[in-house]
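Peer 1: Got a structure for you, data_7.pdb, holding PDB, C-alpha atoms.
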```pdb
ATOM      1  CA  MET A   1     114.969 123.254  99.405  1.00  0.00           C
ATOM      2  CA  SER A   2     115.194 120.275  97.066  1.00  0.00           C
ATOM      3  CA  ILE A   3     112.476 119.339  94.594  1.00  0.00           C
ATOM      4  CA  THR A   4     111.485 115.799  93.684  1.00  0.00           C
ATOM      5  CA  VAL A   5     109.305 115.061  90.690  1.00  0.00           C
ATOM      6  CA  ASN A   6     107.658 111.662  90.315  1.00  0.00           C
ATOM      7  CA  LEU A   7     106.781 110.979  86.699  1.00  0.00           C
ATOM      8  CA  ARG A   8     104.651 107.936  85.959  1.00  0.00           C
ATOM      9  CA  TYR A   9     104.873 106.714  82.387  1.00  0.00           C
ATOM     10  CA  LYS A  10     102.166 104.432  80.976  1.00  0.00           C
ATOM     11  CA  GLY A  11     102.449 102.516  77.761  1.00  0.00           C
ATOM     12  CA  THR A  12     101.455  99.249  76.143  1.00  0.00           C
ATOM     13  CA  ASN A  13     103.281  96.048  75.236  1.00  0.00           C
ATOM     14  CA  GLY A  14     106.279  96.869  77.429  1.00  0.00           C
ATOM     15  CA  SER A  15     106.898 100.258  75.845  1.00  0.00           C
ATOM     16  CA  ALA A  16     107.559 102.041  79.152  1.00  0.00           C
ATOM     17  CA  LYS A  17     110.301  99.563  80.025  1.00  0.00           C
ATOM     18  CA  LYS A  18     111.768  99.853  76.512  1.00  0.00           C
ATOM     19  CA  PHE A  19     111.798 103.636  76.893  1.00  0.00           C
ATOM     20  CA  ALA A  20     113.797 103.417  80.132  1.00  0.00           C
ATOM     21  CA  GLU A  21     116.176 100.879  78.631  1.00  0.00           C
ATOM     22  CA  GLU A  22     116.866 103.166  75.680  1.00  0.00           C
ATOM     23  CA  MET A  23     117.339 106.155  77.987  1.00  0.00           C
ATOM     24  CA  ILE A  24     119.935 104.165  79.936  1.00  0.00           C
ATOM     25  CA  GLU A  25     121.669 102.494  76.974  1.00  0.00           C
ATOM     26  CA  SER A  26     121.934 105.758  75.025  1.00  0.00           C
ATOM     27  CA  GLY A  27     123.802 107.405  77.901  1.00  0.00           C
ATOM     28  CA  THR A  28     121.099 110.034  78.395  1.00  0.00           C
ATOM     29  CA  VAL A  29     120.482 108.969  81.997  1.00  0.00           C
ATOM     30  CA  ASP A  30     124.186 109.252  82.833  1.00  0.00           C
ATOM     31  CA  LEU A  31     124.308 112.740  81.312  1.00  0.00           C
ATOM     32  CA  ILE A  32     121.311 113.858  83.368  1.00  0.00           C
ATOM     33  CA  ARG A  33     122.806 112.452  86.564  1.00  0.00           C
ATOM     34  CA  LYS A  34     125.981 114.468  85.889  1.00  0.00           C
ATOM     35  CA  GLU A  35     124.103 117.742  85.496  1.00  0.00           C
ATOM     36  CA  GLU A  36     124.763 120.379  88.129  1.00  0.00           C
ATOM     37  CA  GLY A  37     122.012 120.219  90.724  1.00  0.00           C
ATOM     38  CA  ASN A  38     120.757 116.709  89.953  1.00  0.00           C
ATOM     39  CA  LEU A  39     120.332 114.654  93.122  1.00  0.00           C
ATOM     40  CA  ARG A  40     118.579 111.556  91.795  1.00  0.00           C
ATOM     41  CA  TYR A  41     117.350 110.142  88.511  1.00  0.00           C
ATOM     42  CA  GLU A  42     116.060 106.572  88.823  1.00  0.00           C
ATOM     43  CA  TYR A  43     113.491 104.374  87.090  1.00  0.00           C
ATOM     44  CA  TYR A  44     111.291 101.782  88.826  1.00  0.00           C
ATOM     45  CA  LEU A  45     108.842  99.274  87.348  1.00  0.00           C
ATOM     46  CA  SER A  46     105.502  98.781  89.051  1.00  0.00           C
ATOM     47  CA  LEU A  47     104.805  95.365  90.572  1.00  0.00           C
ATOM     48  CA  GLU A  48     101.079  95.994  90.214  1.00  0.00           C
ATOM     49  CA  ASP A  49     101.014  97.286  86.637  1.00  0.00           C
ATOM     50  CA  PRO A  50     103.706  96.006  84.248  1.00  0.00           C
ATOM     51  CA  GLU A  51     102.864  98.828  81.823  1.00  0.00           C
ATOM     52  CA  GLU A  52     103.749 101.555  84.345  1.00  0.00           C
ATOM     53  CA  LEU A  53     107.193 103.001  84.960  1.00  0.00           C
ATOM     54  CA  LEU A  54     108.062 105.472  87.717  1.00  0.00           C
ATOM     55  CA  LEU A  55     110.849 108.020  87.359  1.00  0.00           C
ATOM     56  CA  ILE A  56     112.062 109.680  90.556  1.00  0.00           C
ATOM     57  CA  ASP A  57     113.809 112.874  89.492  1.00  0.00           C
ATOM     58  CA  SER A  58     115.295 115.089  92.250  1.00  0.00           C
ATOM     59  CA  TRP A  59     117.010 118.452  91.963  1.00  0.00           C
ATOM     60  CA  GLU A  60     118.649 120.918  94.339  1.00  0.00           C
ATOM     61  CA  SER A  61     116.441 123.806  93.213  1.00  0.00           C
ATOM     62  CA  GLN A  62     113.963 125.098  90.662  1.00  0.00           C
ATOM     63  CA  GLU A  63     116.867 126.830  88.936  1.00  0.00           C
ATOM     64  CA  ALA A  64     118.567 123.446  88.418  1.00  0.00           C
ATOM     65  CA  ILE A  65     115.367 122.051  86.907  1.00  0.00           C
ATOM     66  CA  ASP A  66     115.059 125.090  84.652  1.00  0.00           C
ATOM     67  CA  ARG A  67     118.652 124.603  83.419  1.00  0.00           C
ATOM     68  CA  HIS A  68     117.911 120.915  82.793  1.00  0.00           C
ATOM     69  CA  HIS A  69     114.844 121.832  80.741  1.00  0.00           C
ATOM     70  CA  GLN A  70     117.072 123.919  78.446  1.00  0.00           C
ATOM     71  CA  THR A  71     119.457 121.046  77.623  1.00  0.00           C
ATOM     72  CA  PRO A  72     119.469 119.015  74.393  1.00  0.00           C
ATOM     73  CA  MET A  73     118.513 115.973  76.475  1.00  0.00           C
ATOM     74  CA  MET A  74     114.951 117.273  76.765  1.00  0.00           C
ATOM     75  CA  LYS A  75     114.557 116.913  72.997  1.00  0.00           C
ATOM     76  CA  THR A  76     115.849 113.339  73.239  1.00  0.00           C
ATOM     77  CA  ILE A  77     113.428 112.555  76.065  1.00  0.00           C
ATOM     78  CA  ALA A  78     110.468 114.063  74.193  1.00  0.00           C
ATOM     79  CA  GLU A  79     111.326 112.110  71.038  1.00  0.00           C
ATOM     80  CA  LEU A  80     111.558 108.842  72.978  1.00  0.00           C
ATOM     81  CA  ARG A  81     108.242 109.517  74.719  1.00  0.00           C
ATOM     82  CA  GLU A  82     106.669 109.890  71.285  1.00  0.00           C
ATOM     83  CA  LYS A  83     108.492 106.857  69.877  1.00  0.00           C
ATOM     84  CA  TYR A  84     107.121 104.656  72.659  1.00  0.00           C
ATOM     85  CA  ASP A  85     103.715 106.438  72.792  1.00  0.00           C
ATOM     86  CA  LEU A  86     103.939 107.062  76.526  1.00  0.00           C
ATOM     87  CA  HIS A  87     101.452 109.041  78.597  1.00  0.00           C
ATOM     88  CA  MET A  88     102.422 110.651  81.866  1.00  0.00           C
ATOM     89  CA  THR A  89     101.235 111.853  85.228  1.00  0.00           C
ATOM     90  CA  VAL A  90     103.397 114.088  87.379  1.00  0.00           C
ATOM     91  CA  GLU A  91     103.633 114.681  91.122  1.00  0.00           C
ATOM     92  CA  ARG A  92     105.948 117.322  92.558  1.00  0.00           C
ATOM     93  CA  TYR A  93     107.302 117.445  96.123  1.00  0.00           C
ATOM     94  CA  THR A  94     109.566 119.867  97.985  1.00  0.00           C
ATOM     95  CA  SER A  95     111.706 119.115 101.003  1.00  0.00           C
ATOM     96  CA  ILE A  96     110.745 120.601 104.347  1.00  0.00           C
ATOM     97  CA  ALA A  97     112.566 121.300 107.578  1.00  0.00           C
ATOM     98  CA  GLY A  98     112.136 118.745 110.334  1.00  0.00           C
ATOM     99  CA  GLU A  99     112.636 115.607 108.259  1.00  0.00           C
ATOM    100  CA  GLU A 100     115.275 114.454 110.743  1.00  0.00           C
ATOM    101  CA  LYS A 101     112.480 113.931 113.311  1.00  0.00           C
ATOM    102  CA  ASP A 102     111.260 111.001 111.236  1.00  0.00           C
ATOM    103  CA  SER A 103     114.655 109.283 111.288  1.00  0.00           C
ATOM    104  CA  ARG A 104     113.760 107.261 114.393  1.00  0.00           C
ATOM    105  CA  PHE A 105     111.136 105.430 112.324  1.00  0.00           C
ATOM    106  CA  ILE A 106     113.577 104.417 109.594  1.00  0.00           C
ATOM    107  CA  ARG A 107     115.374 101.096 109.863  1.00  0.00           C
ATOM    108  CA  LYS A 108     118.773 101.211 108.193  1.00  0.00           C
TER     109      LYS A 108
END
```
Would you write out, as structure tokens, the structure that this file holds?
Peer 2:
Amino acid sequence: MSITVNLRYKGTNGSAKKFAEEMIESGTVDLIRKEEGNLRYEYYLSLEDPEELLLIDSWESQEAIDRHHQTPMMKTIAELREKYDLHMTVERYTSIAGEEKDSRFIRK
């Protein structure tokens, strides 16, 4: 069962975008993507709210997330959140059996 966490970051004056740019430019995003159990780590900017940034963060298991939370990168992320004065909301989803039934509705 995989776990996907959607984190929405809100800031002011473009701070959410600057946060993501620094995460990418510093190499932190690449390090996270290389972690064992990471399936996806991607940022998206909202078309409706330019001060909102969405992070889609997917992992193979809770154990993989727990290992990630013990890495030095979490300190880096926390420091950057403070630097850019970001506030967050979090949604968590788990995969379920039967997803293949929906494939007929997906245009590839």
Peer 1: From the set A:Ser15, A:Glu42, A:Val90, A:Asp85, which residue has the shortest atom-to-atom contact distance to A:Val29, counting only C-alpha atoms?
Peer 2: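 Going through A:Ser15, A:Glu42, A:Val90, A:Asp85 one by one, the smallest distance to A:Val29 is for A:Glu42.
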Peer 1: With all atoms listed in the file as the atoms that count, which of A:Glu25, A:Glu51, A:Asp30, A:Glu60 lies nearest to A:Ser2?
Peer 2: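 Using all atoms listed in the file, A:Ser2 sits closest to A:Glu60.
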Peer 1: Can you list, as a PDB file with C-alpha atoms, in the coordinates of the input, the residues that the PyMOL selection byres ((chain A and resi 77) around 12) selects here?
Peer 2:
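See part_2.pdb below for the written result:
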```
ATOM      1  CA  PHE A  19     111.798 103.636  76.893  1.00  0.00           C
ATOM      2  CA  ALA A  20     113.797 103.417  80.132  1.00  0.00           C
ATOM      3  CA  GLU A  22     116.866 103.166  75.680  1.00  0.00           C
ATOM      4  CA  MET A  23     117.339 106.155  77.987  1.00  0.00           C
ATOM      5  CA  ILE A  24     119.935 104.165  79.936  1.00  0.00           C
ATOM      6  CA  SER A  26     121.934 105.758  75.025  1.00  0.00           C
ATOM      7  CA  GLY A  27     123.802 107.405  77.901  1.00  0.00           C
ATOM      8  CA  THR A  28     121.099 110.034  78.395  1.00  0.00           C
ATOM      9  CA  VAL A  29     120.482 108.969  81.997  1.00  0.00           C
ATOM     10  CA  ILE A  32     121.311 113.858  83.368  1.00  0.00           C
ATOM     11  CA  HIS A  68     117.911 120.915  82.793  1.00  0.00           C
ATOM     12  CA  HIS A  69     114.844 121.832  80.741  1.00  0.00           C
ATOM     13  CA  THR A  71     119.457 121.046  77.623  1.00  0.00           C
ATOM     14  CA  PRO A  72     119.469 119.015  74.393  1.00  0.00           C
ATOM     15  CA  MET A  73     118.513 115.973  76.475  1.00  0.00           C
ATOM     16  CA  MET A  74     114.951 117.273  76.765  1.00  0.00           C
ATOM     17  CA  LYS A  75     114.557 116.913  72.997  1.00  0.00           C
ATOM     18  CA  THR A  76     115.849 113.339  73.239  1.00  0.00           C
ATOM     19  CA  ALA A  78     110.468 114.063  74.193  1.00  0.00           C
ATOM     20  CA  GLU A  79     111.326 112.110  71.038  1.00  0.00           C
ATOM     21  CA  LEU A  80     111.558 108.842  72.978  1.00  0.00           C
ATOM     22  CA  ARG A  81     108.242 109.517  74.719  1.00  0.00           C
ATOM     23  CA  GLU A  82     106.669 109.890  71.285  1.00  0.00           C
ATOM     24  CA  LYS A  83     108.492 106.857  69.877  1.00  0.00           C
ATOM     25  CA  TYR A  84     107.121 104.656  72.659  1.00  0.00           C
ATOM     26  CA  ASP A  85     103.715 106.438  72.792  1.00  0.00           C
ATOM     27  CA  LEU A  86     103.939 107.062  76.526  1.00  0.00           C
TER      28      LEU A  86
END
```
Peer 1: Excluding A:His87 and any residue of its chain fewer than 4 positions from it, enumerate the residues within 9 Å of it, using all atoms listed in the file, and give them as a list of chain:residue names.
Peer 2: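 So, after excluding close chain neighbours, the residues are A:Arg8, A:Tyr9, A:Lys10, A:Gly11, A:Arg81.
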Peer 1: Next, dump the selected residues to file, keeping only C-alpha atoms, as a PDB file, in the frame of the given file.
Peer 2:
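Listed below is the output, result_2.pdb:
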```
ATOM      1  CA  ARG A   8     104.651 107.936  85.959  1.00  0.00           C
ATOM      2  CA  TYR A   9     104.873 106.714  82.387  1.00  0.00           C
ATOM      3  CA  LYS A  10     102.166 104.432  80.976  1.00  0.00           C
ATOM      4  CA  GLY A  11     102.449 102.516  77.761  1.00  0.00           C
ATOM      5  CA  ARG A  81     108.242 109.517  74.719  1.00  0.00           C
TER       6      ARG A  81
END
```
Peer 1: Quick one: 5 Å padding each side, axis-aligned, all listed atoms of stretch 32-39 of chain A - centre and edge lengths in Å to one decimal, as AutoDock Vina command-line options?
Peer 2:
```
--center_x 123.2 --center_y 116.4 --center_z 88.2 --size_x 15.6 --size_y 17.9 --size_z 19.8
```
Peer 1: Between atom CA of A:Glu35 and atom CA of A:Thr4, measure the distance and give it in Å to one decimal.
Peer 2: 15.2 Å
Peer 1: Atom CA of A:Ser58 to atom CA of A:Gln70: how many Å, to one decimal?
Peer 2: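 Rounded to one decimal, the two atoms are 16.5 Å apart.
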Peer 1: What's the separation between atom CA of A:Tyr43 and atom CA of A:Thr89, in Å to one decimal place?
Peer 2: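 Interatomic distance, atom CA of A:Tyr43 to atom CA of A:Thr89: 14.5 Å.
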Peer 1: Could you complete stretch 3-21 of chain A so that it carries N, CA and C atoms, and give it back as a PDB file, in the frame of the given file?
Peer 2:
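Printed below is out-v8.pdb as written:
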```pdb
ATOM      1  N   ILE A   3     113.746 119.623  95.264  1.00  0.00           N
ATOM      2  CA  ILE A   3     112.476 119.339  94.594  1.00  0.00           C
ATOM      3  C   ILE A   3     112.572 117.947  93.991  1.00  0.00           C
ATOM      4  N   THR A   4     111.567 117.132  94.265  1.00  0.00           N
ATOM      5  CA  THR A   4     111.485 115.799  93.684  1.00  0.00           C
ATOM      6  C   THR A   4     110.232 115.720  92.829  1.00  0.00           C
ATOM      7  N   VAL A   5     110.413 115.226  91.620  1.00  0.00           N
ATOM      8  CA  VAL A   5     109.305 115.061  90.690  1.00  0.00           C
ATOM      9  C   VAL A   5     109.159 113.574  90.402  1.00  0.00           C
ATOM     10  N   ASN A   6     107.970 113.048  90.661  1.00  0.00           N
ATOM     11  CA  ASN A   6     107.658 111.662  90.315  1.00  0.00           C
ATOM     12  C   ASN A   6     106.871 111.678  89.015  1.00  0.00           C
ATOM     13  N   LEU A   7     107.454 111.076  87.991  1.00  0.00           N
ATOM     14  CA  LEU A   7     106.781 110.979  86.699  1.00  0.00           C
ATOM     15  C   LEU A   7     106.401 109.521  86.479  1.00  0.00           C
ATOM     16  N   ARG A   8     105.121 109.284  86.258  1.00  0.00           N
ATOM     17  CA  ARG A   8     104.651 107.936  85.959  1.00  0.00           C
ATOM     18  C   ARG A   8     104.361 107.858  84.464  1.00  0.00           C
ATOM     19  N   TYR A   9     105.054 106.937  83.821  1.00  0.00           N
ATOM     20  CA  TYR A   9     104.873 106.714  82.387  1.00  0.00           C
ATOM     21  C   TYR A   9     104.000 105.480  82.200  1.00  0.00           C
ATOM     22  N   LYS A  10     103.019 105.573  81.322  1.00  0.00           N
ATOM     23  CA  LYS A  10     102.166 104.432  80.976  1.00  0.00           C
ATOM     24  C   LYS A  10     102.278 104.185  79.484  1.00  0.00           C
ATOM     25  N   GLY A  11     102.391 102.907  79.157  1.00  0.00           N
ATOM     26  CA  GLY A  11     102.449 102.516  77.761  1.00  0.00           C
ATOM     27  C   GLY A  11     101.715 101.211  77.556  1.00  0.00           C
ATOM     28  N   THR A  12     102.029 100.556  76.441  1.00  0.00           N
ATOM     29  CA  THR A  12     101.455  99.249  76.143  1.00  0.00           C
ATOM     30  C   THR A  12     102.559  98.347  75.614  1.00  0.00           C
ATOM     31  N   ASN A  13     102.355  97.050  75.772  1.00  0.00           N
ATOM     32  CA  ASN A  13     103.281  96.048  75.236  1.00  0.00           C
ATOM     33  C   ASN A  13     104.733  96.265  75.653  1.00  0.00           C
ATOM     34  N   GLY A  14     104.922  96.700  76.914  1.00  0.00           N
ATOM     35  CA  GLY A  14     106.279  96.869  77.429  1.00  0.00           C
ATOM     36  C   GLY A  14     106.986  98.129  76.979  1.00  0.00           C
ATOM     37  N   SER A  15     106.248  99.067  76.394  1.00  0.00           N
ATOM     38  CA  SER A  15     106.898 100.258  75.845  1.00  0.00           C
ATOM     39  C   SER A  15     107.536 101.148  76.909  1.00  0.00           C
ATOM     40  N   ALA A  16     106.971 101.208  78.097  1.00  0.00           N
ATOM     41  CA  ALA A  16     107.559 102.041  79.152  1.00  0.00           C
ATOM     42  C   ALA A  16     108.928 101.492  79.552  1.00  0.00           C
ATOM     43  N   LYS A  17     109.014 100.184  79.685  1.00  0.00           N
ATOM     44  CA  LYS A  17     110.301  99.563  80.025  1.00  0.00           C
ATOM     45  C   LYS A  17     111.313  99.782  78.897  1.00  0.00           C
ATOM     46  N   LYS A  18     110.874  99.643  77.657  1.00  0.00           N
ATOM     47  CA  LYS A  18     111.768  99.853  76.512  1.00  0.00           C
ATOM     48  C   LYS A  18     112.274 101.297  76.478  1.00  0.00           C
ATOM     49  N   PHE A  19     111.405 102.238  76.818  1.00  0.00           N
ATOM     50  CA  PHE A  19     111.798 103.636  76.893  1.00  0.00           C
ATOM     51  C   PHE A  19     112.942 103.818  77.893  1.00  0.00           C
ATOM     52  N   ALA A  20     112.764 103.283  79.103  1.00  0.00           N
ATOM     53  CA  ALA A  20     113.797 103.417  80.132  1.00  0.00           C
ATOM     54  C   ALA A  20     115.091 102.744  79.702  1.00  0.00           C
ATOM     55  N   GLU A  21     114.977 101.583  79.097  1.00  0.00           N
ATOM     56  CA  GLU A  21     116.176 100.879  78.631  1.00  0.00           C
ATOM     57  C   GLU A  21     116.927 101.712  77.600  1.00  0.00           C
TER      58      GLU A  21
END
```
